[in-house]
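Novice: Dropping a structure here in structure tokens format, bear with me for questions.
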Amino acid sequence: MFSERLKQARMSHGLSQSAFAAKLGVTKGLVDMWEAGHKEPNYHTLRKIAKTLGCSIDWLLQNA
């Protein structure tokens, strides 16, 4: 699930939600909603997430 993969990747890079949000140019609240599964990013933001975390979009979206 995207929310779990996102949190796993963010934490493996030692990034807090605030630091990760700052890198992406979004709010900490939005990152929290992604990780809670309440929202999903658009494709442009998903590309930025994958690039920031050094992973593929496919990996982020595949079911664990």
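Residue names in the structure tokens use chain letters A, B, ... in the order shown, residue numbers from 1 in each chain, and ligand numbers from 1 in the order shown.
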For segment 27-33 of chain A, list every protein, DNA or RNA residue within 6 Å, evaluated using only C-alpha atoms, and leave out those in the same chain fewer than 3 positions away; present the list as an mmCIF file with all heavy atoms, in the first residue's frame.
Specialist:
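Once everything was written out, this is around-v3.cif:
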```cif
data_model
loop_
_atom_site.group_PDB
_atom_site.id
_atom_site.type_symbol
_atom_site.label_atom_id
_atom_site.label_comp_id
_atom_site.auth_asym_id
_atom_site.auth_seq_id
_atom_site.Cartn_x
_atom_site.Cartn_y
_atom_site.Cartn_z
ATOM 1 N N GLN A 17 8.611 13.865 9.012
ATOM 2 C CA GLN A 17 7.567 14.306 8.090
ATOM 3 C C GLN A 17 7.793 15.761 7.696
ATOM 4 O O GLN A 17 7.614 16.128 6.540
ATOM 5 C CB GLN A 17 6.184 14.138 8.718
ATOM 6 C CG GLN A 17 5.679 12.730 8.751
ATOM 7 C CD GLN A 17 4.253 12.629 9.269
ATOM 8 O OE1 GLN A 17 3.766 13.510 9.980
ATOM 9 N NE2 GLN A 17 3.582 11.538 8.934
ATOM 10 N N SER A 18 8.216 16.576 8.643
ATOM 11 C CA SER A 18 8.454 17.997 8.366
ATOM 12 C C SER A 18 9.590 18.192 7.371
ATOM 13 O O SER A 18 9.472 18.989 6.430
ATOM 14 C CB SER A 18 8.765 18.753 9.660
ATOM 15 O OG SER A 18 7.665 18.722 10.522
ATOM 16 N N ALA A 21 8.469 16.977 3.942
ATOM 17 C CA ALA A 21 7.531 17.943 3.364
ATOM 18 C C ALA A 21 8.278 19.147 2.812
ATOM 19 O O ALA A 21 7.968 19.622 1.714
ATOM 20 C CB ALA A 21 6.516 18.380 4.418
ATOM 21 N N ALA A 36 -1.286 8.279 6.305
ATOM 22 C CA ALA A 36 -2.461 7.717 6.970
ATOM 23 C C ALA A 36 -3.417 7.076 5.960
ATOM 24 O O ALA A 36 -4.389 6.419 6.350
ATOM 25 C CB ALA A 36 -3.185 8.803 7.766
ATOM 26 N N HIS A 38 -5.279 8.759 3.788
ATOM 27 C CA HIS A 38 -6.459 9.597 3.551
ATOM 28 C C HIS A 38 -6.419 10.325 2.214
ATOM 29 O O HIS A 38 -7.460 10.742 1.709
ATOM 30 C CB HIS A 38 -6.632 10.615 4.675
ATOM 31 C CG HIS A 38 -6.876 9.990 6.011
ATOM 32 N ND1 HIS A 38 -7.956 9.179 6.288
ATOM 33 C CD2 HIS A 38 -6.151 10.036 7.153
ATOM 34 C CE1 HIS A 38 -7.890 8.761 7.537
ATOM 35 N NE2 HIS A 38 -6.803 9.266 8.085
ATOM 36 N N LYS A 39 -5.213 10.503 1.680
ATOM 37 C CA LYS A 39 -5.039 11.168 0.389
ATOM 38 C C LYS A 39 -3.904 10.496 -0.354
ATOM 39 O O LYS A 39 -3.078 9.823 0.244
ATOM 40 C CB LYS A 39 -4.691 12.649 0.567
ATOM 41 C CG LYS A 39 -5.831 13.530 0.953
ATOM 42 C CD LYS A 39 -5.449 14.978 0.767
ATOM 43 C CE LYS A 39 -6.712 15.811 0.808
ATOM 44 N NZ LYS A 39 -6.602 17.005 0.023
#
```
Novice: Which residues of segment 4-32 of chain A come within 8 Å of segment 50-62 of chain A, and for each one, what is the closest pair of atoms and their distance in Å to one decimal, counting only C-alpha atoms, sorted by chain and residue number, as a Markdown table?
Specialist:
```
| residue | atom | partner | partner_atom | distance |
| --- | --- | --- | --- | --- |
| A:Arg5 | CA | A:Leu60 | CA | 5.6 |
| A:Leu6 | CA | A:Leu60 | CA | 6.5 |
| A:Ala9 | CA | A:Leu53 | CA | 6.5 |
| A:Arg10 | CA | A:Leu53 | CA | 6.8 |
| A:His13 | CA | A:Leu53 | CA | 7.3 |
| A:Lys23 | CA | A:Thr52 | CA | 7.6 |
| A:Leu24 | CA | A:Thr52 | CA | 7.9 |
```
Novice: Between A:Asn42, A:Lys7, A:Asn63, A:Arg47, single out the one closest to Phe20 of chain A, counting only C-alpha atoms.
Specialist: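 Using only C-alpha atoms, Phe20 of chain A sits closest to A:Lys7.
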Novice: Considering only alpha helix (DSSP H) as DSSP defines it on the backbone, what residues of chain A qualify? List them as a PyMOL selection string.
Specialist: chain A and resi 2-12+17-24+28-36+43-53+57-61
